[in-house]
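Participant: Structure supplied as final_6.pdb; contents: PDB, C-alpha atoms, pLDDT in the B column.
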ATOM      1  CA  MET A 249      54.333  -3.002-156.450  1.00 50.00           C
ATOM      2  CA  THR A 250      56.026  -6.360-156.030  1.00 59.00           C
ATOM      3  CA  GLN A 251      53.803  -9.423-155.961  1.00 71.00           C
ATOM      4  CA  GLY A 252      54.399 -11.576-152.890  1.00 70.00           C
ATOM      5  CA  PRO A 253      53.834 -15.297-152.568  1.00 78.00           C
ATOM      6  CA  ALA A 254      50.357 -16.579-153.324  1.00 80.00           C
ATOM      7  CA  PRO A 255      48.349 -18.441-150.701  1.00 87.00           C
ATOM      8  CA  ARG A 256      48.685 -22.199-150.995  1.00 91.00           C
ATOM      9  CA  PRO A 257      45.718 -24.503-150.492  1.00 93.00           C
ATOM     10  CA  LEU A 258      46.038 -26.850-147.537  1.00 96.00           C
ATOM     11  CA  SER A 259      45.548 -30.589-147.978  1.00 97.00           C
ATOM     12  CA  ASP A 260      42.649 -32.352-146.295  1.00 97.00           C
ATOM     13  CA  GLU A 261      45.129 -33.807-143.781  1.00 97.00           C
ATOM     14  CA  ALA A 262      46.598 -30.361-142.988  1.00 97.00           C
ATOM     15  CA  LEU A 263      43.116 -28.877-142.613  1.00 98.00           C
ATOM     16  CA  SER A 264      42.059 -31.697-140.285  1.00 98.00           C
ATOM     17  CA  ALA A 265      45.241 -31.199-138.243  1.00 97.00           C
ATOM     18  CA  LEU A 266      44.559 -27.461-137.974  1.00 97.00           C
ATOM     19  CA  LEU A 267      41.029 -28.164-136.722  1.00 98.00           C
ATOM     20  CA  GLY A 268      42.476 -30.575-134.161  1.00 97.00           C
ATOM     21  CA  GLU A 269      45.074 -28.073-132.925  1.00 96.00           C
ATOM     22  CA  GLN A 270      42.629 -25.265-132.235  1.00 96.00           C
ATOM     23  CA  ARG A 271      39.660 -25.148-129.853  1.00 95.00           C
ATOM     24  CA  PHE A 272      37.873 -21.928-130.880  1.00 97.00           C
ATOM     25  CA  GLY A 273      36.283 -21.010-134.182  1.00 98.00           C
ATOM     26  CA  THR A 274      33.623 -18.758-135.670  1.00 98.00           C
ATOM     27  CA  LEU A 275      30.359 -20.556-136.394  1.00 98.00           C
ATOM     28  CA  ALA A 276      28.270 -19.203-139.271  1.00 98.00           C
ATOM     29  CA  THR A 277      24.573 -20.046-139.379  1.00 98.00           C
ATOM     30  CA  VAL A 278      21.934 -18.649-141.747  1.00 98.00           C
ATOM     31  CA  ARG A 279      19.311 -16.172-140.538  1.00 97.00           C
ATOM     32  CA  GLN A 280      15.798 -16.338-142.003  1.00 95.00           C
ATOM     33  CA  SER A 281      16.692 -13.203-143.990  1.00 96.00           C
ATOM     34  CA  GLY A 282      19.518 -15.183-145.635  1.00 96.00           C
ATOM     35  CA  HIS A 283      22.208 -13.136-143.902  1.00 97.00           C
ATOM     36  CA  PRO A 284      24.929 -14.932-141.945  1.00 97.00           C
ATOM     37  CA  HIS A 285      24.987 -14.994-138.152  1.00 98.00           C
ATOM     38  CA  LEU A 286      28.489 -15.370-136.715  1.00 98.00           C
ATOM     39  CA  THR A 287      29.475 -16.387-133.221  1.00 98.00           C
ATOM     40  CA  THR A 288      32.667 -17.559-131.553  1.00 98.00           C
ATOM     41  CA  MET A 289      32.413 -21.152-130.343  1.00 98.00           C
ATOM     42  CA  LEU A 290      34.472 -23.649-128.402  1.00 96.00           C
ATOM     43  CA  TYR A 291      34.410 -26.880-130.394  1.00 98.00           C
ATOM     44  CA  ASP A 292      35.496 -30.518-130.441  1.00 97.00           C
ATOM     45  CA  TRP A 293      36.703 -32.076-133.747  1.00 98.00           C
ATOM     46  CA  ASP A 294      36.342 -35.782-134.474  1.00 97.00           C
ATOM     47  CA  PRO A 295      38.440 -36.337-137.628  1.00 98.00           C
ATOM     48  CA  THR A 296      37.378 -39.969-138.047  1.00 98.00           C
ATOM     49  CA  ALA A 297      33.641 -39.202-138.035  1.00 98.00           C
ATOM     50  CA  ARG A 298      34.259 -35.757-139.599  1.00 98.00           C
ATOM     51  CA  VAL A 299      31.992 -34.137-137.032  1.00 98.00           C
ATOM     52  CA  ILE A 300      32.476 -30.915-135.107  1.00 98.00           C
ATOM     53  CA  ARG A 301      30.560 -30.748-131.834  1.00 98.00           C
ATOM     54  CA  MET A 302      29.731 -27.555-129.960  1.00 98.00           C
ATOM     55  CA  SER A 303      27.787 -26.781-126.801  1.00 98.00           C
ATOM     56  CA  THR A 304      25.150 -24.086-126.494  1.00 98.00           C
ATOM     57  CA  THR A 305      21.800 -23.564-124.795  1.00 98.00           C
ATOM     58  CA  ALA A 306      18.439 -24.428-126.334  1.00 97.00           C
ATOM     59  CA  ASP A 307      17.266 -20.800-126.387  1.00 97.00           C
ATOM     60  CA  ARG A 308      20.240 -19.378-128.337  1.00 97.00           C
ATOM     61  CA  VAL A 309      19.569 -17.901-131.747  1.00 97.00           C
ATOM     62  CA  LYS A 310      22.061 -20.215-133.497  1.00 97.00           C
ATOM     63  CA  ALA A 311      19.997 -23.245-132.457  1.00 96.00           C
ATOM     64  CA  LYS A 312      16.877 -21.585-133.881  1.00 95.00           C
ATOM     65  CA  HIS A 313      18.687 -20.785-137.132  1.00 97.00           C
ATOM     66  CA  LEU A 314      19.729 -24.413-137.556  1.00 97.00           C
ATOM     67  CA  LYS A 315      16.123 -25.600-137.233  1.00 95.00           C
ATOM     68  CA  HIS A 316      15.176 -23.264-140.088  1.00 95.00           C
ATOM     69  CA  ASP A 317      18.286 -23.918-142.234  1.00 97.00           C
ATOM     70  CA  PRO A 318      20.841 -26.589-141.255  1.00 98.00           C
ATOM     71  CA  HIS A 319      23.638 -25.210-143.470  1.00 98.00           C
ATOM     72  CA  ALA A 320      26.561 -24.029-141.350  1.00 98.00           C
ATOM     73  CA  ALA A 321      30.285 -23.424-141.457  1.00 98.00           C
ATOM     74  CA  LEU A 322      33.048 -23.088-138.885  1.00 98.00           C
ATOM     75  CA  HIS A 323      36.048 -20.840-139.629  1.00 98.00           C
ATOM     76  CA  VAL A 324      39.183 -21.625-137.627  1.00 98.00           C
ATOM     77  CA  GLN A 325      42.308 -19.509-137.712  1.00 96.00           C
ATOM     78  CA  GLY A 326      45.668 -21.255-137.805  1.00 94.00           C
ATOM     79  CA  SER A 327      48.669 -20.474-135.648  1.00 87.00           C
ATOM     80  CA  ASP A 328      49.284 -17.284-137.641  1.00 85.00           C
ATOM     81  CA  VAL A 329      47.005 -14.767-139.335  1.00 83.00           C
ATOM     82  CA  TRP A 330      47.861 -16.177-142.764  1.00 85.00           C
ATOM     83  CA  SER A 331      46.380 -19.661-142.338  1.00 93.00           C
ATOM     84  CA  PHE A 332      42.837 -20.852-141.800  1.00 97.00           C
ATOM     85  CA  ALA A 333      40.448 -23.755-142.242  1.00 98.00           C
ATOM     86  CA  VAL A 334      36.749 -23.700-142.997  1.00 98.00           C
ATOM     87  CA  ALA A 335      34.527 -26.703-142.319  1.00 98.00           C
ATOM     88  CA  GLU A 336      31.194 -26.595-144.138  1.00 98.00           C
ATOM     89  CA  GLY A 337      28.313 -28.970-143.766  1.00 98.00           C
ATOM     90  CA  THR A 338      24.926 -29.771-142.380  1.00 98.00           C
ATOM     91  CA  ALA A 339      24.348 -29.180-138.696  1.00 98.00           C
ATOM     92  CA  GLU A 340      21.839 -30.575-136.288  1.00 97.00           C
ATOM     93  CA  ALA A 341      20.955 -29.474-132.801  1.00 97.00           C
ATOM     94  CA  SER A 342      20.149 -32.083-130.183  1.00 98.00           C
ATOM     95  CA  GLY A 343      17.325 -31.677-127.745  1.00 97.00           C
ATOM     96  CA  PRO A 344      18.346 -30.315-124.350  1.00 98.00           C
ATOM     97  CA  THR A 345      19.752 -32.528-121.660  1.00 98.00           C
ATOM     98  CA  THR A 346      16.820 -33.108-119.278  1.00 98.00           C
ATOM     99  CA  VAL A 347      18.107 -35.646-116.755  1.00 98.00           C
ATOM    100  CA  PRO A 348      21.602 -35.472-115.241  1.00 98.00           C
ATOM    101  CA  GLY A 349      23.687 -38.113-117.002  1.00 97.00           C
ATOM    102  CA  ASP A 350      21.390 -38.638-119.999  1.00 98.00           C
ATOM    103  CA  ALA A 351      22.894 -39.205-123.460  1.00 98.00           C
ATOM    104  CA  VAL A 352      23.124 -35.495-124.307  1.00 98.00           C
ATOM    105  CA  GLY A 353      24.700 -34.675-120.945  1.00 98.00           C
ATOM    106  CA  ARG A 354      27.259 -37.472-121.384  1.00 97.00           C
ATOM    107  CA  GLU A 355      28.076 -36.273-124.888  1.00 98.00           C
ATOM    108  CA  LEU A 356      28.628 -32.740-123.553  1.00 98.00           C
ATOM    109  CA  LEU A 357      30.895 -34.141-120.833  1.00 97.00           C
ATOM    110  CA  GLU A 358      32.889 -36.150-123.400  1.00 96.00           C
ATOM    111  CA  MET A 359      33.552 -32.967-125.369  1.00 96.00           C
ATOM    112  CA  ILE A 360      35.691 -31.593-122.528  1.00 93.00           C
ATOM    113  CA  PRO A 361      39.380 -32.528-122.721  1.00 90.00           C
ATOM    114  CA  ALA A 362      40.322 -35.052-120.024  1.00 89.00           C
ATOM    115  CA  ALA A 363      42.626 -32.573-118.259  1.00 91.00           C
ATOM    116  CA  ALA A 364      39.789 -30.034-117.959  1.00 93.00           C
ATOM    117  CA  ARG A 365      37.004 -32.376-116.805  1.00 94.00           C
ATOM    118  CA  PRO A 366      35.111 -31.204-113.722  1.00 95.00           C
ATOM    119  CA  ALA A 367      36.025 -32.809-110.405  1.00 95.00           C
ATOM    120  CA  ASP A 368      32.341 -33.220-109.519  1.00 97.00           C
ATOM    121  CA  GLU A 369      30.754 -34.726-112.642  1.00 96.00           C
ATOM    122  CA  GLU A 370      27.322 -35.102-111.027  1.00 97.00           C
ATOM    123  CA  ALA A 371      27.136 -31.394-110.170  1.00 98.00           C
ATOM    124  CA  PHE A 372      28.340 -30.538-113.680  1.00 97.00           C
ATOM    125  CA  LEU A 373      25.664 -32.739-115.286  1.00 98.00           C
ATOM    126  CA  GLU A 374      22.996 -31.101-113.090  1.00 98.00           C
ATOM    127  CA  GLU A 375      24.234 -27.668-114.191  1.00 98.00           C
ATOM    128  CA  LEU A 376      23.921 -28.709-117.846  1.00 98.00           C
ATOM    129  CA  VAL A 377      20.254 -29.613-117.250  1.00 98.00           C
ATOM    130  CA  ALA A 378      19.590 -26.288-115.483  1.00 98.00           C
ATOM    131  CA  GLU A 379      21.155 -24.404-118.411  1.00 98.00           C
ATOM    132  CA  ARG A 380      19.191 -26.455-120.986  1.00 98.00           C
ATOM    133  CA  ARG A 381      22.416 -27.332-122.821  1.00 98.00           C
ATOM    134  CA  ILE A 382      22.331 -28.912-126.264  1.00 98.00           C
ATOM    135  CA  VAL A 383      24.921 -30.295-128.686  1.00 98.00           C
ATOM    136  CA  ILE A 384      25.343 -28.852-132.150  1.00 98.00           C
ATOM    137  CA  ARG A 385      26.821 -31.466-134.491  1.00 98.00           C
ATOM    138  CA  LEU A 386      28.276 -30.129-137.717  1.00 98.00           C
ATOM    139  CA  ARG A 387      28.736 -33.004-140.166  1.00 98.00           C
ATOM    140  CA  VAL A 388      31.614 -31.767-142.294  1.00 98.00           C
ATOM    141  CA  GLU A 389      31.034 -32.214-146.022  1.00 98.00           C
ATOM    142  CA  ARG A 390      33.751 -29.862-147.255  1.00 98.00           C
ATOM    143  CA  LEU A 391      37.048 -28.599-145.820  1.00 98.00           C
ATOM    144  CA  TYR A 392      39.027 -25.798-147.384  1.00 98.00           C
ATOM    145  CA  GLY A 393      41.634 -23.288-146.351  1.00 97.00           C
ATOM    146  CA  THR A 394      44.987 -21.824-147.170  1.00 95.00           C
ATOM    147  CA  ALA A 395      48.327 -20.800-145.743  1.00 93.00           C
ATOM    148  CA  LEU A 396      50.578 -17.980-146.881  1.00 86.00           C
ATOM    149  CA  ASP A 397      54.280 -18.664-146.607  1.00 78.00           C
ATOM    150  CA  ILE A 398      55.765 -15.310-145.652  1.00 72.00           C
ATOM    151  CA  GLU A 399      57.970 -14.228-142.818  1.00 65.00           C
ATOM    152  CA  ASN A 400      56.394 -12.010-140.183  1.00 54.00           C
TER     153      ASN A 400
END
Show how you would write the structure in this file as structure tokens.
Facilitator:
Amino acid sequence: MTQGPAPRPLSDEALSALLGEQRFGTLATVRQSGHPHLTTMLYDWDPTARVIRMSTTADRVKAKHLKHDPHAALHVQGSDVWSFAVAEGTAEASGPTTVPGDAVGRELLEMIPAAARPADEEAFLEELVAERRIVIRLRVERLYGTALDIEN
């Protein structure tokens, strides 16, 4: 069997760029049993603050896991199946937005790309309150990932 090319580690800059290019990743939180809980999430990456923000509802299991154990990771696939980035760190879950336009509601609104913002922001903010939306903030302490340079 012929050995193909080995995966190459991506630089911090390349990993940050990959996180910025994608919008979906797989969030891993830790169950009380110690087993991982994985879920697909839409996320927003702030490379300057090194924070990944995600929206969920207060009653979701991932929010409960983070209260018990704040360790989390987000796996993001690159543009091909051979590249990926993982962002590890400590996560915190905000309290739910309770008043349309409060700080949590505004943060959730800011996470939406400008081109996709709702036409009726007031109605959107009211919907966030009704859904008991929260922000998960993953403070990235470690980035790693690789790419494999082969032709498809």
Participant: Show me a table, sorted first by chain and then by increasing residue number, of the residues of region 254-329 of chain A having an atom at most 8 Å from region 348-360 of chain A, each with its shortest atom pair and the distance in Å to one decimal, counting only C-alpha atoms and written as CSV.
Facilitator:
residue,atom,partner,partner_atom,distance
A:Tyr291,CA,A:Met359,CA,7.9
A:Asp292,CA,A:Met359,CA,6.0
A:Arg301,CA,A:Met359,CA,7.5
A:Ser303,CA,A:Leu356,CA,6.8
Participant: Mind pulling up the distance from CA of Gly343 (chain A) to CA of Val388 (chain A)?
Facilitator: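 That distance, rounded to one decimal, is 20.4 Å.
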Participant: For the file shown, what are the residues hit by the PyMOL selection byres ((chain A and resi 272-277) around 10), laid out as a count of residues only?
Facilitator: 41
Participant: If you count all atoms listed in the file, which residues fall within 7 Å of Ala306 (chain A), apart from same-chain ones fewer than 3 positions away, as a ChimeraX atom specification?
Facilitator: /A:311,344,380-382
Participant: Using all atoms listed in the file, pick whichever of A:Ala362, A:Ala254, A:Val329, A:Ala265 has the shortest atom-to-atom distance to Arg298 (chain A).
Facilitator: A:Ala265
Participant: Which residue, A:Ala262, A:Ala341, A:Val347, A:Val299, has the smallest gap to Glu374 (chain A) when you use all atoms listed in the file?
Facilitator: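 The answer is A:Val347, which sits nearest to Glu374 (chain A).
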Participant: Quick check, in Å to one decimal: how far apart do CA of Ile398 (chain A) and CA of Trp330 (chain A) lie?
Facilitator: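 Here the two named atoms are 8.5 Å from each other.
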Participant: What separation in Å, quoted to one decimal, exists between CA of Ala364 (chain A) and CA of Glu340 (chain A)?
Facilitator: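 Interatomic distance here is 25.7 Å.
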Participant: Quick one: residues within 12 Å of Leu396 (chain A), only C-alpha atoms counted, chain neighbours fewer than 5 positions away excluded, as a list in words?
Facilitator: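 Using only C-alpha atoms, the neighbours found are Gly252, Pro253, Ala254, Pro255, Arg256, Pro257, Leu258, Gly326, Ser327, Asp328, Val329, Trp330, Ser331 and Phe332 of chain A.
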Participant: May I ask which of the residues A:Gln251, A:Thr394, A:Thr305, A:Thr346 is the closest one to Leu373 (chain A), counting all atoms listed in the file?
Facilitator: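 Among A:Gln251, A:Thr394, A:Thr305, A:Thr346, it is A:Thr346 that comes nearest to Leu373 (chain A).
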Participant: Have a look at A:Tyr392, A:Arg387, A:Ala371, A:Arg365 and name the one nearest to Asp294 (chain A); count all atoms listed in the file.
Facilitator: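 Of A:Tyr392, A:Arg387, A:Ala371, A:Arg365, the one nearest Asp294 (chain A), counting all atoms listed in the file, is A:Arg387.
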